[in-house]
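Q: Sharing start.txt here; it has compact mmCIF, C-alpha atoms.
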# COMPACT_ATOMS: atom_id res chain seq x y z
CA MET A 1 85.37 98.17 113.62
CA SER A 2 81.55 98.35 113.58
CA SER A 3 79.63 101.37 112.27
CA GLU A 4 78.68 102.32 115.84
CA GLU A 5 82.31 102.13 116.98
CA GLN A 6 83.37 104.25 114.01
CA ARG A 7 80.76 106.88 114.83
CA HIS A 8 81.84 106.97 118.48
CA LYS A 9 85.43 107.42 117.30
CA TYR A 10 84.38 110.30 115.02
CA GLU A 11 82.45 111.98 117.85
CA PHE A 12 85.36 111.51 120.27
CA LYS A 13 87.80 112.98 117.73
CA ARG A 14 85.50 115.97 117.17
CA LYS A 15 85.16 116.50 120.93
CA LEU A 16 88.96 116.59 121.30
CA GLU A 17 89.18 119.13 118.45
CA GLU A 18 86.65 121.30 120.28
CA LEU A 19 88.62 121.07 123.52
CA ARG A 20 91.87 121.82 121.67
CA SER A 21 90.39 125.06 120.34
CA LYS A 22 89.72 126.47 123.82
CA GLN A 23 92.18 128.89 125.42
CA GLY A 24 92.44 130.38 128.89
CA GLN A 25 93.99 133.62 130.10
CA GLY A 26 96.88 132.39 132.18
CA THR A 27 96.92 128.99 133.90
CA GLU A 28 93.18 128.84 134.54
CA LEU A 29 92.04 125.71 132.68
CA ILE A 30 91.90 122.53 134.76
CA SER A 31 92.31 119.02 133.33
CA LEU A 32 91.46 116.27 135.81
CA TYR A 33 92.02 112.60 134.88
CA ILE A 34 90.32 110.11 137.23
CA PRO A 35 90.83 106.33 136.78
CA HIS A 36 88.06 103.92 137.71
CA GLU A 37 89.95 102.70 140.79
CA LYS A 38 90.22 106.19 142.32
CA ARG A 39 87.75 106.91 145.12
CA ILE A 40 85.63 110.02 144.57
CA SER A 41 86.10 111.04 148.22
CA ASP A 42 89.87 111.08 147.72
CA VAL A 43 89.53 113.24 144.63
CA VAL A 44 87.29 115.73 146.44
CA ALA A 45 89.74 115.93 149.35
CA TYR A 46 92.57 116.63 146.89
CA LEU A 47 90.53 119.37 145.18
CA ARG A 48 89.75 121.02 148.53
CA ASP A 49 93.49 121.23 149.21
CA GLU A 50 94.03 122.76 145.76
CA HIS A 51 91.24 125.26 146.45
CA GLY A 52 93.04 126.34 149.60
CA SER A 53 96.39 126.59 147.80
CA ALA A 54 94.78 128.68 145.03
CA ALA A 55 94.12 131.41 147.62
CA ASN A 56 97.84 132.25 147.32
CA ILE A 57 97.61 133.12 143.61
CA LYS A 58 98.55 136.81 143.28
CA SER A 59 96.28 137.70 140.35
CA LYS A 60 92.73 138.19 141.66
CA SER A 61 91.08 137.21 138.37
CA THR A 62 93.19 134.05 138.03
CA ARG A 63 92.60 133.18 141.70
CA ASP A 64 88.84 133.62 141.37
CA ASN A 65 88.67 131.65 138.12
CA VAL A 66 90.72 128.72 139.43
CA GLN A 67 88.71 128.51 142.65
CA SER A 68 85.43 128.74 140.72
CA ALA A 69 86.59 125.93 138.42
CA LEU A 70 87.50 123.74 141.41
CA GLU A 71 84.11 124.41 143.02
CA SER A 72 82.41 123.46 139.74
CA ILE A 73 84.28 120.15 139.58
CA MET A 74 83.49 119.29 143.21
CA ALA A 75 79.80 120.05 142.56
CA LYS A 76 79.83 117.69 139.56
CA LEU A 77 81.50 114.89 141.50
CA ARG A 78 78.59 114.80 143.97
CA TYR A 79 76.59 112.99 141.28
CA PHE A 80 79.11 110.14 141.02
CA LYS A 81 79.36 107.25 143.49
CA GLU A 82 82.41 106.02 141.59
CA PRO A 83 84.13 106.84 138.29
CA PRO A 84 82.81 105.06 135.15
CA GLU A 85 84.41 101.79 134.02
CA ASN A 86 87.03 103.53 131.86
CA GLY A 87 87.42 106.41 134.28
CA MET A 88 86.56 110.01 133.44
CA VAL A 89 88.20 113.29 132.51
CA ILE A 90 86.83 116.66 133.61
CA PHE A 91 87.83 119.83 131.77
CA THR A 92 86.81 123.03 133.54
CA GLY A 93 87.85 126.67 133.44
CA ALA A 94 87.28 130.23 132.26
CA VAL A 95 87.54 129.95 128.48
CA SER A 96 88.55 133.09 126.59
CA LEU A 97 85.90 134.38 124.16
CA GLY A 98 88.03 137.26 122.87
CA GLY A 99 87.83 140.94 123.75
CA ASN A 100 88.65 140.23 127.43
CA LYS A 101 85.46 138.18 127.71
CA GLN A 102 85.42 134.76 129.41
CA ASP A 103 82.92 132.01 130.00
CA MET A 104 83.17 129.29 132.65
CA GLU A 105 82.86 125.90 130.91
CA SER A 106 82.86 122.38 132.31
CA ILE A 107 83.00 119.27 130.11
CA VAL A 108 83.03 115.64 131.28
CA VAL A 109 84.51 113.05 128.91
CA GLU A 110 84.23 109.29 129.27
CA PRO A 111 87.19 107.92 127.28
CA PRO A 112 86.99 104.90 124.93
CA GLN A 113 89.89 103.24 126.77
CA PRO A 114 90.73 103.07 130.49
CA ILE A 115 92.47 105.98 132.22
CA THR A 116 95.49 104.39 133.89
CA SER A 117 96.68 107.14 136.24
CA TYR A 118 95.28 110.05 138.23
CA SER A 119 96.45 113.51 137.22
CA TYR A 120 95.56 117.14 137.88
CA ARG A 121 96.87 120.00 135.76
CA CYS A 122 96.28 123.75 135.45
CA GLY A 123 97.31 125.47 132.22
CA SER A 124 96.33 127.90 129.49
CA ASN A 125 95.13 124.89 127.43
CA PHE A 126 93.43 121.66 128.35
CA GLU A 127 95.75 118.64 128.63
CA LEU A 128 94.66 116.24 125.87
CA GLU A 129 97.71 114.12 125.11
CA LYS A 130 96.48 111.00 126.93
CA LEU A 131 93.13 111.11 125.15
CA GLU A 132 94.65 111.85 121.74
CA ASP A 133 96.88 108.82 122.19
CA MET A 134 93.73 106.69 122.39
CA LEU A 135 92.87 107.61 118.79
CA VAL A 136 96.12 106.13 117.53
CA ASP A 137 95.97 102.57 116.23
CA LYS A 138 99.12 101.08 117.73
CA LYS A 139 99.13 97.88 115.62
CA THR A 140 102.32 98.10 113.56
CA PHE A 141 103.52 96.07 110.58
CA GLY A 142 107.06 96.11 109.23
CA LEU A 143 107.32 96.73 105.47
CA LEU A 144 110.40 95.72 103.47
CA VAL A 145 110.76 95.91 99.69
CA VAL A 146 114.00 94.64 98.17
CA ASP A 147 115.75 93.87 94.91
CA ARG A 148 119.43 93.79 93.97
CA ARG A 149 119.58 97.52 93.22
CA GLU A 150 117.83 99.06 96.22
CA ALA A 151 115.69 98.42 99.27
CA THR A 152 113.19 100.47 101.27
CA ILE A 153 112.13 99.84 104.86
CA GLY A 154 109.05 101.32 106.50
CA THR A 155 106.10 100.66 108.80
CA LEU A 156 102.34 100.49 108.48
CA LYS A 157 100.65 101.85 111.60
CA GLY A 158 96.89 102.20 111.51
CA ASN A 159 96.18 103.84 108.15
CA HIS A 160 99.59 105.42 107.74
CA ILE A 161 102.68 104.17 105.89
CA THR A 162 105.97 105.68 107.08
CA PRO A 163 109.11 105.20 104.93
CA LEU A 164 112.13 105.02 107.28
CA ARG A 165 115.22 103.87 105.33
CA HIS A 166 116.27 103.64 101.68
CA LEU A 167 119.41 101.74 100.70
CA THR A 168 121.18 101.37 97.36
CA SER A 169 123.59 98.61 96.35
CA THR A 170 126.90 98.28 94.53
CA VAL A 171 125.90 94.93 93.01
CA PRO A 172 127.24 94.81 89.43
CA GLY A 173 124.94 94.02 86.53
CA LYS A 174 124.72 90.57 85.00
CA GLN A 175 127.13 91.41 82.17
CA LYS A 176 130.76 90.84 83.22
CA LYS A 177 133.45 93.41 82.63
CA GLY A 178 136.16 92.74 80.06
CA GLY A 179 139.14 90.65 81.21
CA GLN A 180 137.24 88.82 83.95
CA SER A 181 136.31 85.15 83.75
CA SER A 182 132.60 84.36 84.04
CA HIS A 183 133.20 82.31 87.18
CA ARG A 184 135.19 85.04 88.97
CA PHE A 185 132.67 87.71 87.96
CA GLN A 186 129.79 85.60 89.24
CA GLN A 187 131.58 85.02 92.56
CA LEU A 188 132.15 88.76 93.03
CA ARG A 189 128.52 89.43 92.20
CA LEU A 190 127.28 86.91 94.78
CA ILE A 191 129.56 88.45 97.42
CA ALA A 192 128.14 91.90 96.63
CA ILE A 193 124.55 90.59 96.85
CA ASN A 194 125.30 88.97 100.22
CA GLU A 195 126.87 92.17 101.57
CA PHE A 196 123.88 94.23 100.42
CA ASN A 197 121.43 91.80 102.03
CA LYS A 198 123.42 92.05 105.29
CA ARG A 199 123.11 95.85 105.18
CA ILE A 200 119.36 95.56 104.59
CA GLY A 201 119.02 93.09 107.46
CA ASP A 202 121.00 95.31 109.86
CA ALA A 203 118.88 98.37 108.98
CA ALA A 204 115.63 96.40 109.29
CA ASN A 205 116.71 94.95 112.64
CA ASP A 206 117.42 98.43 114.03
CA ILE A 207 113.94 99.62 113.00
CA PHE A 208 111.75 96.60 113.75
CA LEU A 209 113.36 95.58 117.07
CA ALA A 210 112.70 99.09 118.41
CA ILE A 211 108.93 98.63 118.00
CA ASP A 212 106.98 97.61 121.12
CA ARG A 213 106.53 93.83 120.99
CA ASN A 214 102.89 94.15 122.04
CA ASP A 215 102.17 96.38 119.04
CA PHE A 216 104.34 94.65 116.42
CA GLN A 217 102.17 92.38 114.25
CA GLY A 218 104.68 91.03 111.73
CA ILE A 219 106.72 91.76 108.60
CA LEU A 220 105.69 91.89 104.94
CA VAL A 221 108.44 91.39 102.34
CA GLY A 222 108.03 92.42 98.73
CA GLY A 223 110.09 92.58 95.56
CA PRO A 224 110.84 90.68 92.37
CA THR A 225 111.84 87.03 92.22
CA PRO A 226 114.43 85.86 93.27
CA SER A 227 115.59 88.88 95.34
CA LYS A 228 113.00 88.65 98.10
CA GLU A 229 113.33 84.85 98.34
CA GLU A 230 117.13 85.13 98.63
CA PHE A 231 116.78 87.66 101.42
CA VAL A 232 114.31 85.58 103.44
CA LYS A 233 116.09 82.22 102.93
CA GLY A 234 119.42 83.83 103.85
CA GLU A 235 117.97 84.71 107.30
CA TYR A 236 119.49 88.18 107.33
CA LEU A 237 116.94 89.35 109.88
CA HIS A 238 117.44 88.96 113.64
CA HIS A 239 116.38 85.53 114.94
CA GLU A 240 113.43 87.12 116.80
CA LEU A 241 112.21 88.79 113.60
CA GLN A 242 112.62 85.93 111.15
CA PRO A 243 109.51 84.03 112.44
CA LYS A 244 107.45 87.22 112.18
CA ILE A 245 107.59 87.26 108.37
CA LEU A 246 103.93 86.99 107.32
CA GLY A 247 104.43 86.58 103.59
CA LEU A 248 106.37 87.36 100.41
CA TYR A 249 104.71 89.37 97.64
CA ASP A 250 105.60 90.10 94.02
CA ILE A 251 105.82 93.85 93.43
CA ALA A 252 107.45 95.95 90.73
CA TYR A 253 108.88 98.89 92.69
CA THR A 254 111.34 98.94 95.57
CA ASP A 255 111.44 102.69 96.28
CA GLU A 256 108.97 104.44 98.62
CA SER A 257 106.07 103.77 96.25
CA GLY A 258 106.82 100.06 96.64
CA LEU A 259 105.67 100.22 100.28
CA THR A 260 102.16 101.20 99.17
CA GLU A 261 102.26 98.54 96.42
CA LEU A 262 103.29 95.98 99.04
CA MET A 263 100.37 96.89 101.32
CA ASP A 264 97.96 96.52 98.38
CA ALA A 265 99.49 93.17 97.36
CA ALA A 266 99.13 91.89 100.93
CA GLY A 267 95.41 92.71 101.04
CA ASP A 268 94.37 89.18 102.07
CA THR A 269 96.91 89.07 104.91
CA LEU A 270 95.83 92.52 106.10
CA SER A 271 92.12 91.99 105.44
CA ASN A 272 91.15 92.79 109.05
CA LEU A 273 92.82 96.20 108.97
CA ASP A 274 90.57 99.24 108.61
CA VAL A 275 92.77 100.79 105.92
CA VAL A 276 92.43 97.71 103.67
CA LYS A 277 88.65 97.59 104.10
CA GLU A 278 88.42 101.31 103.35
CA LYS A 279 90.55 101.01 100.20
CA LYS A 280 88.39 98.14 98.90
CA LEU A 281 85.19 100.12 99.51
CA LEU A 282 86.57 103.14 97.66
CA GLU A 283 87.75 100.94 94.81
CA LYS A 284 84.20 99.58 94.53
CA PHE A 285 82.76 103.11 94.64
CA MET A 286 85.11 104.31 91.87
CA LYS A 287 84.29 101.26 89.73
CA GLU A 288 80.55 101.95 90.06
CA LEU A 289 81.09 105.66 89.42
CA VAL A 290 82.57 105.13 85.95
CA ALA A 291 80.23 102.30 84.96
CA GLU A 292 77.18 102.96 82.82
CA ARG A 293 74.21 103.25 85.22
CA GLY A 294 76.72 102.59 87.99
CA LEU A 295 75.52 102.22 91.57
CA ALA A 296 77.34 105.24 92.99
CA SER A 297 76.38 108.65 94.32
CA TYR A 298 78.35 111.55 95.80
CA GLY A 299 77.77 115.02 97.17
CA GLU A 300 75.59 115.89 100.14
CA ASP A 301 72.31 116.58 98.31
CA SER A 302 72.46 113.50 96.08
CA VAL A 303 73.49 111.16 98.89
CA ARG A 304 70.83 112.54 101.25
CA ALA A 305 68.13 112.00 98.61
CA ASN A 306 69.26 108.42 98.01
CA LEU A 307 69.45 107.76 101.74
CA GLN A 308 65.89 108.94 102.28
CA MET A 309 64.73 106.59 99.49
CA GLY A 310 66.49 103.68 101.18
CA ALA A 311 68.68 103.22 98.10
CA VAL A 312 72.07 103.40 99.82
CA GLU A 313 73.86 100.16 100.64
CA VAL A 314 77.04 101.74 102.09
CA LEU A 315 77.41 105.37 103.18
CA LEU A 316 81.01 106.64 102.92
CA LEU A 317 81.91 109.59 105.16
CA SER A 318 85.31 111.22 105.50
CA GLU A 319 86.67 111.35 109.06
CA ASP A 320 87.75 114.94 108.34
CA LEU A 321 84.29 116.16 107.28
CA ARG A 322 83.19 119.12 109.41
CA LYS A 323 79.81 120.43 108.29
CA SER A 324 76.69 121.67 110.07
CA ARG A 325 73.07 121.38 108.90
CA LEU A 326 71.25 124.55 109.96
CA THR A 327 67.55 125.29 110.18
CA VAL A 328 67.05 129.03 109.71
CA LYS A 329 63.83 130.93 110.43
CA CYS A 330 62.69 134.52 109.99
CA GLN A 331 62.40 136.46 113.23
CA SER A 332 59.36 138.45 112.12
CA GLY A 333 56.10 137.26 113.64
CA ASN A 334 54.29 137.98 110.38
CA CYS A 335 56.58 135.88 108.19
CA ASN A 336 56.72 132.08 108.01
CA TYR A 337 59.98 131.84 106.02
CA THR A 338 62.19 128.90 107.00
CA THR A 339 64.97 127.06 105.21
CA THR A 340 67.75 124.56 105.78
CA LYS A 341 71.33 124.76 104.57
CA SER A 342 74.69 123.16 105.20
CA ILE A 343 77.86 125.07 106.00
CA LYS A 344 81.44 124.04 106.67
CA TYR A 345 82.64 124.92 110.14
CA ARG A 346 85.77 125.13 112.19
CA VAL A 347 85.62 123.37 115.52
CA GLY A 348 85.04 125.88 118.31
CA GLU A 349 83.32 128.43 116.06
CA THR A 350 79.65 129.38 116.47
CA PRO A 351 77.78 129.53 113.13
CA THR A 352 76.05 132.80 112.27
CA VAL A 353 73.54 133.92 109.64
CA GLY A 354 74.56 137.18 108.01
CA GLU A 355 71.85 137.59 105.36
CA ARG A 356 68.29 138.90 105.75
CA CYS A 357 64.99 137.15 105.13
CA PRO A 358 64.40 137.07 101.34
CA LYS A 359 60.64 137.59 101.87
CA CYS A 360 60.47 140.47 104.35
CA GLN A 361 64.09 141.54 104.95
CA SER A 362 63.82 140.85 108.70
CA SER A 363 66.68 139.22 110.55
CA LEU A 364 67.15 135.44 110.47
CA ALA A 365 67.97 133.14 113.37
CA ILE A 366 69.36 129.60 113.62
CA THR A 367 66.79 127.40 115.35
CA GLU A 368 68.54 124.06 114.89
CA ASN A 369 72.17 123.09 114.34
CA ILE A 370 73.07 119.43 113.75
CA ASP A 371 76.33 117.95 112.56
CA VAL A 372 75.91 116.65 108.98
CA VAL A 373 77.77 113.43 109.79
CA GLU A 374 75.47 112.80 112.74
CA GLU A 375 72.37 113.60 110.64
CA LEU A 376 73.33 111.33 107.74
CA SER A 377 74.42 108.54 110.10
CA LEU A 378 71.07 108.58 111.91
CA THR A 379 69.19 108.47 108.59
CA ALA A 380 71.39 105.56 107.48
CA GLU A 381 70.65 103.69 110.70
CA GLN A 382 66.90 104.06 110.10
CA MET A 383 67.31 102.72 106.55
CA ASN A 384 69.49 99.76 107.60
CA THR A 385 72.41 101.26 105.67
CA GLU A 386 76.01 100.42 106.53
CA VAL A 387 78.12 103.48 107.48
CA GLU A 388 81.87 103.57 106.90
CA PHE A 389 84.16 106.38 108.09
CA ILE A 390 87.11 106.86 105.75
CA SER A 391 90.52 108.15 106.86
CA THR A 392 92.44 110.73 104.81
CA ASP A 393 95.76 109.06 105.66
CA PHE A 394 95.88 107.33 102.29
CA GLU A 395 95.45 108.52 98.70
CA GLU A 396 91.93 107.24 98.02
CA GLY A 397 90.65 108.59 101.35
CA GLU A 398 92.14 111.99 100.61
CA GLN A 399 90.45 111.90 97.19
CA LEU A 400 87.06 111.20 98.81
CA PHE A 401 87.47 114.30 100.97
CA ASN A 402 88.91 116.68 98.36
CA ALA A 403 87.21 115.56 95.13
CA PHE A 404 83.85 114.29 96.41
CA GLY A 405 83.24 116.58 99.38
CA GLY A 406 83.73 113.81 101.94
CA ILE A 407 80.29 112.26 101.27
CA ALA A 408 79.64 109.35 98.89
CA ALA A 409 77.54 106.22 98.64
CA ILE A 410 77.41 102.77 97.06
CA LEU A 411 73.80 102.16 96.04
CA ARG A 412 71.50 99.14 96.23
CA TYR A 413 69.80 100.12 92.97
CA HIS A 414 70.03 102.83 90.35
CA THR A 415 67.90 105.94 91.11
CA GLY A 416 69.16 108.59 88.73
CA SER A 417 69.84 110.93 91.68
How does the structure come out when it is put into C-alpha cells?
A:
Amino acid sequence: MSSEEQRHKYEFKRKLEELRSKQGQGTELISLYIPHEKRISDVVAYLRDEHGSAANIKSKSTRDNVQSALESIMAKLRYFKEPPENGMVIFTGAVSLGGNKQDMESIVVEPPQPITSYSYRCGSNFELEKLEDMLVDKKTFGLLVVDRREATIGTLKGNHITPLRHLTSTVPGKQKKGGQSSHRFQQLRLIAINEFNKRIGDAANDIFLAIDRNDFQGILVGGPTPSKEEFVKGEYLHHELQPKILGLYDIAYTDESGLTELMDAAGDTLSNLDVVKEKKLLEKFMKELVAERGLASYGEDSVRANLQMGAVEVLLLSEDLRKSRLTVKCQSGNCNYTTTKSIKYRVGETPTVGERCPKCQSSLAITENIDVVEELSLTAEQMNTEVEFISTDFEEGEQLFNAFGGIAAILRYHTGS
C-alpha cells in the first residue's frame, strides 16, 4: 500500500469515527447509500415519496427534522449528474449537541470501494457497517503449529492473528514403559501420533474450509522437525487444502505464541503483507534507537524538527494517533501574543482553550486547527520522505503508540535532535 493510499485510509477511518460519535434524538439521522449504477432521478423520486410519508410522523420535532434532512439531501443531489465511480453515501440529520440543542449536518462520503446496493435508513445513529467493512483486510492465511505434544490452529487476517483451536496429545514419550518390548512400544507410539495428526487435520479442515475461498490465501505450517513434515506428508488435511500449503517453518513453540513466531518465520512468504512490512520497519527503528549515534528519532517535537531539516527517511505514524495542532492567538487588539500547541482529542469533540493570555490576561482563541498526522504527512511529502502508517494490532505497533507517542522516524543522517 502506497503512502498516499495509507493516508487516505487513515482519513477515511477518522471520518467514520467522527460519524460514529454523532447521535440523534429519535430516528432522525438518515443514511443513504447510492451505487454508481443508480440514477439520480430515481433517488430523488424515492426521497420525495419518503418526504410525503414523513408527514405522518406524530412527533412534530421528529417530523420537521426528517423532512428537513430529506430536503437537504435532494438539494445536494442537484449538483450530481450521476454518482461517483464507487458510488456515494450521504449522512444527514439533526445531530444532538447536548442540552436539547441540535444542529442539522450533512456529510457526503465517497467510499474507497464500490457501493454494491442502494439503501435508505433512518435511525438514532448513522448506518456505518458497510463502510467499516471496507477497512477490513479480508486476505486470510491459515496458521498451524504442531509437534507431538500439542497443536494450535489460527488465522492471520490483515494485521491480526486469531488463535482458534488448541489440541493436546496422548502420545507417549520416547522411553518405553517397563514390560513392553521396544517394537510393540514403538508401534503404539506411531498409532498415537497418527491419531493425533488426524485430530489436528479434522480441526484444521473445519476452520479453513469455512473461510471464503476468494479471501483464503494459503496455509503456513510450523513446528519442530520431524513433526511438521510428518503431518504434511501424511496428507491429513482435506484434499482441497493440501495444495494450499505455502511452506513449512522451523519454530520452537506450538502454543498460541507459536502462531506469532510462525508469522515472523514466514516473513519472506508474507513479504507483501502490510503487517510484515510494518514489523520490519519497527525492527529497524528499534535497532537504530539503541545504536550509538543511531538514526532514529521519536516524539512529536523531535520528529517535526528532523522533518523540517529534511533528515527523515521514513516517518512512522500510528493509525490510532488522534492529535490536533492548534494555533492560538490573544483576542486583545493591543496584544500580539500567538502560540502553537498540540493536544490529544476525541473524535467528535471541539477543542477549547481554557487559559488566559500570559501577556495581558485577555481571552485566547483558536485560529487554526489541523490534524497532526495531516500536518506531518504534508511536511514529509514536501521533503520527499516516505510515510508509513502503523497498526496497533500487533505488539510492536502497540509499543509505537504507547511508548513513543505514536510518532517516530528513521533518519537519513544523524542530527542530534
Q: With range 201-217 of chain A as the partner and 7 Å as the cut-off, tabulate the residues of range 225-275 of chain A that qualify, each row holding the nearest pair of atoms and their distance in Å to one decimal, using only C-alpha atoms, sorted by chain and rising number, as a Markdown table.
A:
| residue | atom | partner | partner_atom | distance |
| --- | --- | --- | --- | --- |
| A:Tyr236 | CA | A:Gly201 | CA | 4.9 |
| A:Leu237 | CA | A:Gly201 | CA | 4.9 |
| A:His238 | CA | A:Asn205 | CA | 6.1 |
Q: Quick one: residues within 12 Å of Arg356 in chain A, all atoms listed in the file counted, chain neighbours fewer than 3 positions away excluded, as a short mmCIF file (atom, residue, chain, number, x, y, z; two decimals) with C-alpha atoms, in the coordinates of the input?
A:
data_model
loop_
_atom_site.label_atom_id
_atom_site.label_comp_id
_atom_site.auth_asym_id
_atom_site.auth_seq_id
_atom_site.Cartn_x
_atom_site.Cartn_y
_atom_site.Cartn_z
CA VAL A 328 67.05 129.03 109.71
CA LYS A 329 63.83 130.93 110.43
CA CYS A 330 62.69 134.52 109.99
CA GLN A 331 62.40 136.46 113.23
CA SER A 332 59.36 138.45 112.12
CA TYR A 337 59.98 131.84 106.02
CA THR A 338 62.19 128.90 107.00
CA THR A 352 76.05 132.80 112.27
CA VAL A 353 73.54 133.92 109.64
CA LYS A 359 60.64 137.59 101.87
CA CYS A 360 60.47 140.47 104.35
CA GLN A 361 64.09 141.54 104.95
CA SER A 362 63.82 140.85 108.70
CA SER A 363 66.68 139.22 110.55
CA LEU A 364 67.15 135.44 110.47
CA ALA A 365 67.97 133.14 113.37
#
Q: Can you tell me how far CA of Leu241 in chain A sits from CA of Leu164 in chain A, in Å to one decimal?
A: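 So the answer is 17.4 Å.
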Q: Would you please work out which residue, of A:Leu282, A:Val136, A:Val276, A:Val145, is nearest to Gln399 in chain A when using all atoms listed in the file?
A: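 Checking each candidate against Gln399 in chain A, we get A:Leu282 as the closest.
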Q: If I take CA of Ala45 in chain A and CA of Lys58 in chain A, how far is one from the other in Å, to one decimal?
A: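 Interatomic distance, CA of Ala45 in chain A to CA of Lys58 in chain A: 23.5 Å.
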Q: Please return, as a list in words, all polymer residues that have at least one atom within 8 Å of the point (84.0, 104.7, 133.1); use all atoms listed in the file and the file's own coordinate frame.
A: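 Residues found, by chain and rising number: Pro35, His36, Pro83, Pro84, Glu85, Asn86, Gly87, Met88, Glu110, Pro111 and Pro114 of chain A.
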Q: Please indicate the distance in Å from CA of Asn194 in chain A to CA of Ser169 in chain A, rounded to one decimal place.
A: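 Computing it gives 10.5 Å between the two atoms.
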